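Participant: Provided herewith: work.pdb, PDB, C-alpha atoms.
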MODEL        1
ATOM      1  CA  ARG A   1     152.953 167.026  28.364  1.00  0.00           C
ATOM      2  CA  GLY A   2     153.384 169.922  30.754  1.00  0.00           C
ATOM      3  CA  ALA A   3     151.940 170.106  34.242  1.00  0.00           C
ATOM      4  CA  ALA A   4     149.792 167.362  35.688  1.00  0.00           C
ATOM      5  CA  PRO A   5     146.106 167.801  34.846  1.00  0.00           C
ATOM      6  CA  ARG A   6     143.905 169.516  37.367  1.00  0.00           C
ATOM      7  CA  LEU A   7     141.826 166.689  38.806  1.00  0.00           C
ATOM      8  CA  ARG A   8     138.311 167.053  40.113  1.00  0.00           C
ATOM      9  CA  VAL A   9     136.493 163.892  41.112  1.00  0.00           C
ATOM     10  CA  ILE A  10     132.713 163.583  41.107  1.00  0.00           C
ATOM     11  CA  TRP A  11     131.021 160.414  42.279  1.00  0.00           C
ATOM     12  CA  ALA A  12     127.544 159.236  43.081  1.00  0.00           C
ATOM     13  CA  ALA A  13     126.214 156.038  44.547  1.00  0.00           C
ATOM     14  CA  LYS A  14     122.856 154.393  45.004  1.00  0.00           C
ATOM     15  CA  ASP A  15     121.786 153.064  48.371  1.00  0.00           C
ATOM     16  CA  HIS A  16     123.692 149.975  49.423  1.00  0.00           C
ATOM     17  CA  ARG A  17     122.113 146.544  49.171  1.00  0.00           C
ATOM     18  CA  LYS A  18     124.099 144.945  51.956  1.00  0.00           C
ATOM     19  CA  PHE A  19     127.108 145.668  54.117  1.00  0.00           C
ATOM     20  CA  THR A  20     130.114 143.393  53.873  1.00  0.00           C
ATOM     21  CA  GLY A  21     132.532 145.148  56.206  1.00  0.00           C
ATOM     22  CA  ASP A  22     133.861 144.221  59.610  1.00  0.00           C
ATOM     23  CA  GLU A  23     130.826 145.177  61.674  1.00  0.00           C
ATOM     24  CA  ALA A  24     127.150 144.389  61.474  1.00  0.00           C
ATOM     25  CA  GLN A  25     124.934 146.945  59.796  1.00  0.00           C
ATOM     26  CA  PRO A  26     121.745 147.551  61.783  1.00  0.00           C
ATOM     27  CA  ASP A  27     118.535 146.278  60.247  1.00  0.00           C
ATOM     28  CA  ILE A  28     115.953 149.033  59.907  1.00  0.00           C
ATOM     29  CA  ASN A  29     113.112 146.579  60.592  1.00  0.00           C
ATOM     30  CA  VAL A  30     114.723 145.285  63.786  1.00  0.00           C
ATOM     31  CA  ASP A  31     116.833 148.156  65.084  1.00  0.00           C
ATOM     32  CA  GLY A  32     114.877 151.086  63.693  1.00  0.00           C
ATOM     33  CA  LEU A  33     115.657 154.022  61.457  1.00  0.00           C
ATOM     34  CA  GLN A  34     117.651 155.951  64.057  1.00  0.00           C
ATOM     35  CA  ALA A  35     120.077 153.033  64.548  1.00  0.00           C
ATOM     36  CA  VAL A  36     120.702 152.873  60.781  1.00  0.00           C
ATOM     37  CA  LEU A  37     121.178 156.653  60.587  1.00  0.00           C
ATOM     38  CA  ASP A  38     123.572 156.620  63.555  1.00  0.00           C
ATOM     39  CA  TRP A  39     125.555 153.739  62.034  1.00  0.00           C
ATOM     40  CA  SER A  40     125.780 155.511  58.661  1.00  0.00           C
ATOM     41  CA  ARG A  41     126.775 158.814  60.244  1.00  0.00           C
ATOM     42  CA  SER A  42     129.476 157.073  62.290  1.00  0.00           C
ATOM     43  CA  ARG A  43     130.933 155.326  59.202  1.00  0.00           C
ATOM     44  CA  LEU A  44     130.957 158.575  57.221  1.00  0.00           C
ATOM     45  CA  ASN A  45     132.530 160.527  60.097  1.00  0.00           C
ATOM     46  CA  ASP A  46     135.255 157.873  60.431  1.00  0.00           C
ATOM     47  CA  ALA A  47     135.937 158.023  56.675  1.00  0.00           C
ATOM     48  CA  ASP A  48     136.011 161.842  56.739  1.00  0.00           C
ATOM     49  CA  SER A  49     138.470 161.837  59.659  1.00  0.00           C
ATOM     50  CA  ALA A  50     140.699 159.330  57.864  1.00  0.00           C
ATOM     51  CA  TYR A  51     140.662 161.514  54.723  1.00  0.00           C
ATOM     52  CA  LYS A  52     141.472 164.672  56.676  1.00  0.00           C
ATOM     53  CA  SER A  53     144.394 162.911  58.355  1.00  0.00           C
ATOM     54  CA  THR A  54     146.065 162.472  54.929  1.00  0.00           C
ATOM     55  CA  GLY A  55     146.495 166.228  54.568  1.00  0.00           C
ATOM     56  CA  TRP A  56     144.985 166.167  51.077  1.00  0.00           C
ATOM     57  CA  ALA A  57     142.799 169.109  50.078  1.00  0.00           C
ATOM     58  CA  ARG A  58     139.346 168.701  48.606  1.00  0.00           C
ATOM     59  CA  GLN A  59     138.805 170.249  45.200  1.00  0.00           C
ATOM     60  CA  PRO A  60     136.160 172.983  45.085  1.00  0.00           C
ATOM     61  CA  SER A  61     133.604 173.003  42.299  1.00  0.00           C
ATOM     62  CA  PRO A  62     134.455 175.499  39.545  1.00  0.00           C
ATOM     63  CA  ALA A  63     132.577 178.815  39.635  1.00  0.00           C
ATOM     64  CA  SER A  64     131.428 178.087  36.076  1.00  0.00           C
ATOM     65  CA  TRP A  65     131.375 174.787  34.200  1.00  0.00           C
ATOM     66  CA  ASN A  66     131.277 176.514  30.785  1.00  0.00           C
ATOM     67  CA  ASP A  67     134.989 176.099  30.136  1.00  0.00           C
ATOM     68  CA  GLU A  68     135.360 172.623  31.651  1.00  0.00           C
ATOM     69  CA  THR A  69     135.711 169.425  29.620  1.00  0.00           C
ATOM     70  CA  VAL A  70     134.237 166.518  31.589  1.00  0.00           C
ATOM     71  CA  TYR A  71     135.313 162.926  30.885  1.00  0.00           C
ATOM     72  CA  TYR A  72     133.388 160.104  32.552  1.00  0.00           C
ATOM     73  CA  VAL A  73     135.517 157.141  33.631  1.00  0.00           C
ATOM     74  CA  MET A  74     133.929 153.827  34.543  1.00  0.00           C
ATOM     75  CA  VAL A  75     136.894 152.644  36.567  1.00  0.00           C
ATOM     76  CA  ASP A  76     136.377 148.909  35.960  1.00  0.00           C
ATOM     77  CA  ARG A  77     136.355 149.398  32.164  1.00  0.00           C
ATOM     78  CA  PHE A  78     138.922 152.182  31.722  1.00  0.00           C
ATOM     79  CA  ALA A  79     142.428 150.820  32.366  1.00  0.00           C
ATOM     80  CA  ASN A  80     143.932 147.920  34.305  1.00  0.00           C
ATOM     81  CA  GLY A  81     147.010 149.268  36.057  1.00  0.00           C
ATOM     82  CA  ASP A  82     147.501 146.569  38.698  1.00  0.00           C
ATOM     83  CA  LEU A  83     146.905 142.924  37.778  1.00  0.00           C
ATOM     84  CA  ARG A  84     147.277 141.871  41.425  1.00  0.00           C
ATOM     85  CA  ASN A  85     143.825 143.178  42.374  1.00  0.00           C
ATOM     86  CA  ASP A  86     141.904 141.682  39.435  1.00  0.00           C
ATOM     87  CA  MET A  87     140.352 138.805  41.367  1.00  0.00           C
ATOM     88  CA  LYS A  88     139.419 140.779  44.480  1.00  0.00           C
ATOM     89  CA  ASN A  89     135.683 141.142  45.170  1.00  0.00           C
ATOM     90  CA  VAL A  90     134.792 139.203  42.014  1.00  0.00           C
ATOM     91  CA  PRO A  91     131.221 137.861  41.950  1.00  0.00           C
ATOM     92  CA  GLU A  92     130.805 134.111  42.391  1.00  0.00           C
ATOM     93  CA  PHE A  93     129.191 133.632  38.958  1.00  0.00           C
ATOM     94  CA  GLN A  94     132.325 135.071  37.329  1.00  0.00           C
ATOM     95  CA  THR A  95     134.707 132.712  39.114  1.00  0.00           C
ATOM     96  CA  ASP A  96     132.365 129.802  38.291  1.00  0.00           C
ATOM     97  CA  GLN A  97     132.366 130.749  34.597  1.00  0.00           C
ATOM     98  CA  LEU A  98     136.148 131.192  34.595  1.00  0.00           C
ATOM     99  CA  GLU A  99     136.653 127.763  36.155  1.00  0.00           C
ATOM    100  CA  SER A 100     134.228 126.066  33.752  1.00  0.00           C
ATOM    101  CA  ASN A 101     135.609 127.966  30.740  1.00  0.00           C
ATOM    102  CA  SER A 102     132.110 129.178  29.834  1.00  0.00           C
ATOM    103  CA  PRO A 103     132.025 132.995  29.807  1.00  0.00           C
ATOM    104  CA  TYR A 104     128.345 133.346  28.942  1.00  0.00           C
ATOM    105  CA  SER A 105     127.838 136.636  30.765  1.00  0.00           C
ATOM    106  CA  VAL A 106     131.212 138.280  30.152  1.00  0.00           C
ATOM    107  CA  GLY A 107     129.520 141.691  29.823  1.00  0.00           C
ATOM    108  CA  ASP A 108     128.580 141.513  33.507  1.00  0.00           C
ATOM    109  CA  TRP A 109     132.059 140.495  34.635  1.00  0.00           C
ATOM    110  CA  ARG A 110     134.511 142.728  36.395  1.00  0.00           C
ATOM    111  CA  HIS A 111     137.148 143.630  33.809  1.00  0.00           C
ATOM    112  CA  GLY A 112     140.057 144.701  36.000  1.00  0.00           C
ATOM    113  CA  GLY A 113     140.154 148.467  35.610  1.00  0.00           C
ATOM    114  CA  ASP A 114     141.429 150.180  38.749  1.00  0.00           C
ATOM    115  CA  LEU A 115     142.645 153.437  40.247  1.00  0.00           C
ATOM    116  CA  GLU A 116     146.238 152.687  39.262  1.00  0.00           C
ATOM    117  CA  GLY A 117     145.124 152.377  35.639  1.00  0.00           C
ATOM    118  CA  LEU A 118     143.385 155.742  35.888  1.00  0.00           C
ATOM    119  CA  ARG A 119     146.487 157.299  37.463  1.00  0.00           C
ATOM    120  CA  GLN A 120     148.667 155.909  34.656  1.00  0.00           C
ATOM    121  CA  ARG A 121     146.391 157.446  32.009  1.00  0.00           C
ATOM    122  CA  LEU A 122     146.133 160.986  33.425  1.00  0.00           C
ATOM    123  CA  GLY A 123     148.550 162.235  30.758  1.00  0.00           C
ATOM    124  CA  TYR A 124     146.324 160.736  28.049  1.00  0.00           C
ATOM    125  CA  LEU A 125     143.305 162.535  29.490  1.00  0.00           C
ATOM    126  CA  GLN A 126     145.282 165.775  29.691  1.00  0.00           C
ATOM    127  CA  ASP A 127     146.263 165.382  26.029  1.00  0.00           C
ATOM    128  CA  LEU A 128     142.545 165.102  25.199  1.00  0.00           C
ATOM    129  CA  GLY A 129     141.986 168.454  26.914  1.00  0.00           C
ATOM    130  CA  VAL A 130     140.082 166.994  29.851  1.00  0.00           C
ATOM    131  CA  SER A 131     139.821 169.302  32.855  1.00  0.00           C
ATOM    132  CA  VAL A 132     137.345 167.321  34.990  1.00  0.00           C
ATOM    133  CA  ILE A 133     137.288 163.570  35.515  1.00  0.00           C
ATOM    134  CA  TRP A 134     133.954 162.138  36.667  1.00  0.00           C
ATOM    135  CA  VAL A 135     134.834 158.811  38.251  1.00  0.00           C
ATOM    136  CA  SER A 136     132.329 156.018  38.729  1.00  0.00           C
ATOM    137  CA  PRO A 137     131.926 155.105  42.400  1.00  0.00           C
ATOM    138  CA  ILE A 138     134.939 153.240  43.776  1.00  0.00           C
ATOM    139  CA  LEU A 139     133.593 152.336  47.210  1.00  0.00           C
ATOM    140  CA  LEU A 140     133.113 148.761  48.388  1.00  0.00           C
ATOM    141  CA  GLN A 141     130.664 147.003  46.088  1.00  0.00           C
ATOM    142  CA  ALA A 142     128.056 144.497  47.257  1.00  0.00           C
ATOM    143  CA  ASP A 143     128.327 141.130  45.530  1.00  0.00           C
ATOM    144  CA  GLY A 144     131.317 142.246  43.430  1.00  0.00           C
ATOM    145  CA  GLY A 145     129.377 144.766  41.353  1.00  0.00           C
ATOM    146  CA  ALA A 146     131.540 146.201  38.567  1.00  0.00           C
ATOM    147  CA  TYR A 147     129.767 149.452  37.793  1.00  0.00           C
ATOM    148  CA  GLY A 148     130.168 151.084  41.179  1.00  0.00           C
ATOM    149  CA  TYR A 149     126.496 151.605  41.887  1.00  0.00           C
ATOM    150  CA  TYR A 150     126.085 148.761  44.406  1.00  0.00           C
ATOM    151  CA  MET A 151     127.934 150.478  47.226  1.00  0.00           C
ATOM    152  CA  SER A 152     127.848 148.564  50.480  1.00  0.00           C
ATOM    153  CA  ASP A 153     130.268 150.617  52.601  1.00  0.00           C
ATOM    154  CA  PRO A 154     130.858 154.349  52.099  1.00  0.00           C
ATOM    155  CA  SER A 155     134.103 154.262  54.070  1.00  0.00           C
ATOM    156  CA  MET A 156     136.058 151.595  52.137  1.00  0.00           C
ATOM    157  CA  VAL A 157     137.557 151.578  48.643  1.00  0.00           C
ATOM    158  CA  ASP A 158     136.578 148.404  46.803  1.00  0.00           C
ATOM    159  CA  PRO A 159     139.673 146.113  46.784  1.00  0.00           C
ATOM    160  CA  GLY A 160     139.140 145.383  43.083  1.00  0.00           C
ATOM    161  CA  PHE A 161     139.775 149.060  42.333  1.00  0.00           C
ATOM    162  CA  GLY A 162     142.907 149.293  44.490  1.00  0.00           C
ATOM    163  CA  SER A 163     143.575 150.518  47.958  1.00  0.00           C
ATOM    164  CA  LYS A 164     143.919 154.274  47.353  1.00  0.00           C
TER     165      LYS A 164
ENDMDL
END
What do you get writing this file as structure tokens?
Facilitator:
Amino acid sequence: RGAAPRLRVIWAAKDHRKFTGDEAQPDINVDGLQAVLDWSRSRLNDADSAYKSTGWARQPSPASWNDETVYYVMVDRFANGDLRNDMKNVPEFQTDQLESNSPYSVGDWRHGGDLEGLRQRLGYLQDLGVSVIWVSPILLQADGGAYGYYMSDPSMVDPGFGSK
């Protein structure tokens, strides 16, 4: 297999629907726009400081994308590498359907894919010739969203996707 694949991560997220962290998110209608902006800036600064403290380096964008092979990974659907986090941040309707043995909306369920599964499959992606991995958002999801586009906290990894 050779050297580990060069890994570039690209993610995007829509505006959050609600915050489910350890502090109250200001309400724009009550507290005003500036309070929401200050809160968001503070959360992002805290997350940036925590990242910098790891000593990891950010990957720069390539000068040209012409020679790059991009592979999009929807983390929840790609590979389940850690069964212990499968029931974390699962939406209530999914647990109800599991308990009643009636999986009528299984397509909307969380399927268990996580960062550990992605890590375990890096060699597979390298064998495909992938040079860039575009990862679906992995930040804390409101209401247990599986696709990554219901981000509720930009400073926390969703526990269903793992802790790192």
Participant: I'd like the contact shell of Asn66 (chain A) - 12 Å cut-off, all atoms listed in the file, skipping same-chain residues fewer than 4 positions apart - returned as a list in words.
Facilitator: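 Final neighbour list, sorted by chain and number: Pro62, Val70, Ser131 and Val132 of chain A.
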Participant: Using C-alpha atoms, can you write the selected residues to a file as a CSV table (one decimal), in the frame of the given file?
Facilitator:
chain,number,residue,atom,x,y,z
A,62,PRO,CA,134.5,175.5,39.5
A,70,VAL,CA,134.2,166.5,31.6
A,131,SER,CA,139.8,169.3,32.9
A,132,VAL,CA,137.3,167.3,35.0
Participant: As a check of understanding, name the residues that the PyMOL selection byres ((chain A and resi 117) around 8) selects in the supplied structure, as a PyMOL selection string.
Facilitator: chain A and resi 78-82+113-116+118-121
Participant: Between CA of Ser100 (chain A) and CA of Lys88 (chain A), what is the distance in Å, rounded to a tenth?
Facilitator: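 Atom-to-atom, CA of Ser100 (chain A) and CA of Lys88 (chain A) are spaced 18.9 Å apart.
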Participant: Identify which of the residues A:Leu98, A:Ala63, A:Ala142, A:Asp153 lies closest to Gln25 (chain A), counting only C-alpha atoms when measuring atom-to-atom distances.
Facilitator: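 Smallest distance to Gln25 (chain A) is found for A:Asp153.
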Participant: So what do you get for CA of Ser155 (chain A) versus CA of Trp39 (chain A), distance-wise?
Facilitator: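 Atom-to-atom, CA of Ser155 (chain A) to CA of Trp39 (chain A), that is 11.7 Å.
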Participant: In terms of the shortest atom-to-atom distance over only C-alpha atoms, which of A:Asn45, A:Phe161, A:Tyr149, A:Gly55 is closest to Arg77 (chain A)?
Facilitator: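 For Arg77 (chain A), the nearest of the candidates is A:Phe161.
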Participant: Between CA of Ile133 (chain A) and CA of Tyr71 (chain A), what is the distance, to one decimal in Å?
Facilitator: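 Distance between the two atoms: 5.1 Å.
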Participant: Taking all atoms listed in the file into account, which of A:Thr95, A:Pro154, A:Pro26, A:Pro60 comes nearest Asp38 (chain A)?
Facilitator: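 Of A:Thr95, A:Pro154, A:Pro26, A:Pro60, the one nearest Asp38 (chain A) is A:Pro26, counting all atoms listed in the file.
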Participant: Could you please fill out region 55-73 of chain A with N, CA, C and O atoms and send it back as a PDB file, in the coordinates of the input?
Facilitator:
ATOM      1  N   GLY A  55     146.012 164.903  54.926  1.00  0.00           N
ATOM      2  CA  GLY A  55     146.495 166.228  54.568  1.00  0.00           C
ATOM      3  C   GLY A  55     146.125 166.654  53.160  1.00  0.00           C
ATOM      4  O   GLY A  55     146.471 167.744  52.721  1.00  0.00           O
ATOM      5  N   TRP A  56     145.409 165.812  52.436  1.00  0.00           N
ATOM      6  CA  TRP A  56     144.985 166.167  51.077  1.00  0.00           C
ATOM      7  C   TRP A  56     143.890 167.225  51.141  1.00  0.00           C
ATOM      8  O   TRP A  56     143.098 167.256  52.070  1.00  0.00           O
ATOM      9  N   ALA A  57     143.826 168.072  50.137  1.00  0.00           N
ATOM     10  CA  ALA A  57     142.799 169.109  50.078  1.00  0.00           C
ATOM     11  C   ALA A  57     141.686 168.675  49.130  1.00  0.00           C
ATOM     12  O   ALA A  57     141.946 168.081  48.094  1.00  0.00           O
ATOM     13  N   ARG A  58     140.478 168.972  49.503  1.00  0.00           N
ATOM     14  CA  ARG A  58     139.346 168.701  48.606  1.00  0.00           C
ATOM     15  C   ARG A  58     139.328 169.750  47.506  1.00  0.00           C
ATOM     16  O   ARG A  58     139.714 170.893  47.717  1.00  0.00           O
ATOM     17  N   GLN A  59     138.884 169.344  46.335  1.00  0.00           N
ATOM     18  CA  GLN A  59     138.805 170.249  45.200  1.00  0.00           C
ATOM     19  C   GLN A  59     137.453 170.958  45.199  1.00  0.00           C
ATOM     20  O   GLN A  59     136.417 170.293  45.211  1.00  0.00           O
ATOM     21  N   PRO A  60     137.441 172.284  45.166  1.00  0.00           N
ATOM     22  CA  PRO A  60     136.160 172.983  45.085  1.00  0.00           C
ATOM     23  C   PRO A  60     135.569 172.862  43.685  1.00  0.00           C
ATOM     24  O   PRO A  60     136.292 172.644  42.709  1.00  0.00           O
ATOM     25  N   SER A  61     134.275 172.991  43.593  1.00  0.00           N
ATOM     26  CA  SER A  61     133.604 173.003  42.299  1.00  0.00           C
ATOM     27  C   SER A  61     133.967 174.299  41.581  1.00  0.00           C
ATOM     28  O   SER A  61     134.098 175.349  42.206  1.00  0.00           O
ATOM     29  N   PRO A  62     134.139 174.262  40.254  1.00  0.00           N
ATOM     30  CA  PRO A  62     134.455 175.499  39.545  1.00  0.00           C
ATOM     31  C   PRO A  62     133.295 176.496  39.635  1.00  0.00           C
ATOM     32  O   PRO A  62     132.133 176.087  39.738  1.00  0.00           O
ATOM     33  N   ALA A  63     133.609 177.777  39.588  1.00  0.00           N
ATOM     34  CA  ALA A  63     132.577 178.815  39.635  1.00  0.00           C
ATOM     35  C   ALA A  63     131.650 178.689  38.428  1.00  0.00           C
ATOM     36  O   ALA A  63     130.455 178.929  38.516  1.00  0.00           O
ATOM     37  N   SER A  64     132.211 178.292  37.288  1.00  0.00           N
ATOM     38  CA  SER A  64     131.428 178.087  36.076  1.00  0.00           C
ATOM     39  C   SER A  64     131.927 176.812  35.398  1.00  0.00           C
ATOM     40  O   SER A  64     133.131 176.586  35.305  1.00  0.00           O
ATOM     41  N   TRP A  65     131.014 176.019  34.897  1.00  0.00           N
ATOM     42  CA  TRP A  65     131.375 174.787  34.200  1.00  0.00           C
ATOM     43  C   TRP A  65     131.499 175.014  32.693  1.00  0.00           C
ATOM     44  O   TRP A  65     131.794 174.093  31.941  1.00  0.00           O
ATOM     45  N   ASN A  66     131.287 176.230  32.226  1.00  0.00           N
ATOM     46  CA  ASN A  66     131.277 176.514  30.785  1.00  0.00           C
ATOM     47  C   ASN A  66     132.582 176.161  30.088  1.00  0.00           C
ATOM     48  O   ASN A  66     132.577 175.776  28.922  1.00  0.00           O
ATOM     49  N   ASP A  67     133.698 176.344  30.764  1.00  0.00           N
ATOM     50  CA  ASP A  67     134.989 176.099  30.136  1.00  0.00           C
ATOM     51  C   ASP A  67     135.609 174.760  30.528  1.00  0.00           C
ATOM     52  O   ASP A  67     136.775 174.501  30.233  1.00  0.00           O
ATOM     53  N   GLU A  68     134.852 173.919  31.197  1.00  0.00           N
ATOM     54  CA  GLU A  68     135.360 172.623  31.651  1.00  0.00           C
ATOM     55  C   GLU A  68     135.022 171.542  30.635  1.00  0.00           C
ATOM     56  O   GLU A  68     133.952 171.544  30.033  1.00  0.00           O
ATOM     57  N   THR A  69     135.945 170.599  30.457  1.00  0.00           N
ATOM     58  CA  THR A  69     135.711 169.425  29.620  1.00  0.00           C
ATOM     59  C   THR A  69     135.650 168.228  30.552  1.00  0.00           C
ATOM     60  O   THR A  69     136.642 167.865  31.184  1.00  0.00           O
ATOM     61  N   VAL A  70     134.468 167.624  30.662  1.00  0.00           N
ATOM     62  CA  VAL A  70     134.237 166.518  31.589  1.00  0.00           C
ATOM     63  C   VAL A  70     134.390 165.193  30.844  1.00  0.00           C
ATOM     64  O   VAL A  70     133.841 165.012  29.757  1.00  0.00           O
ATOM     65  N   TYR A  71     135.122 164.276  31.448  1.00  0.00           N
ATOM     66  CA  TYR A  71     135.313 162.926  30.885  1.00  0.00           C
ATOM     67  C   TYR A  71     134.861 161.939  31.948  1.00  0.00           C
ATOM     68  O   TYR A  71     135.372 161.951  33.062  1.00  0.00           O
ATOM     69  N   TYR A  72     133.887 161.106  31.607  1.00  0.00           N
ATOM     70  CA  TYR A  72     133.388 160.104  32.552  1.00  0.00           C
ATOM     71  C   TYR A  72     134.239 158.842  32.449  1.00  0.00           C
ATOM     72  O   TYR A  72     134.449 158.315  31.352  1.00  0.00           O
ATOM     73  N   VAL A  73     134.715 158.362  33.579  1.00  0.00           N
ATOM     74  CA  VAL A  73     135.517 157.141  33.631  1.00  0.00           C
ATOM     75  C   VAL A  73     134.777 156.093  34.444  1.00  0.00           C
ATOM     76  O   VAL A  73     134.512 156.293  35.633  1.00  0.00           O
TER      77      VAL A  73
END
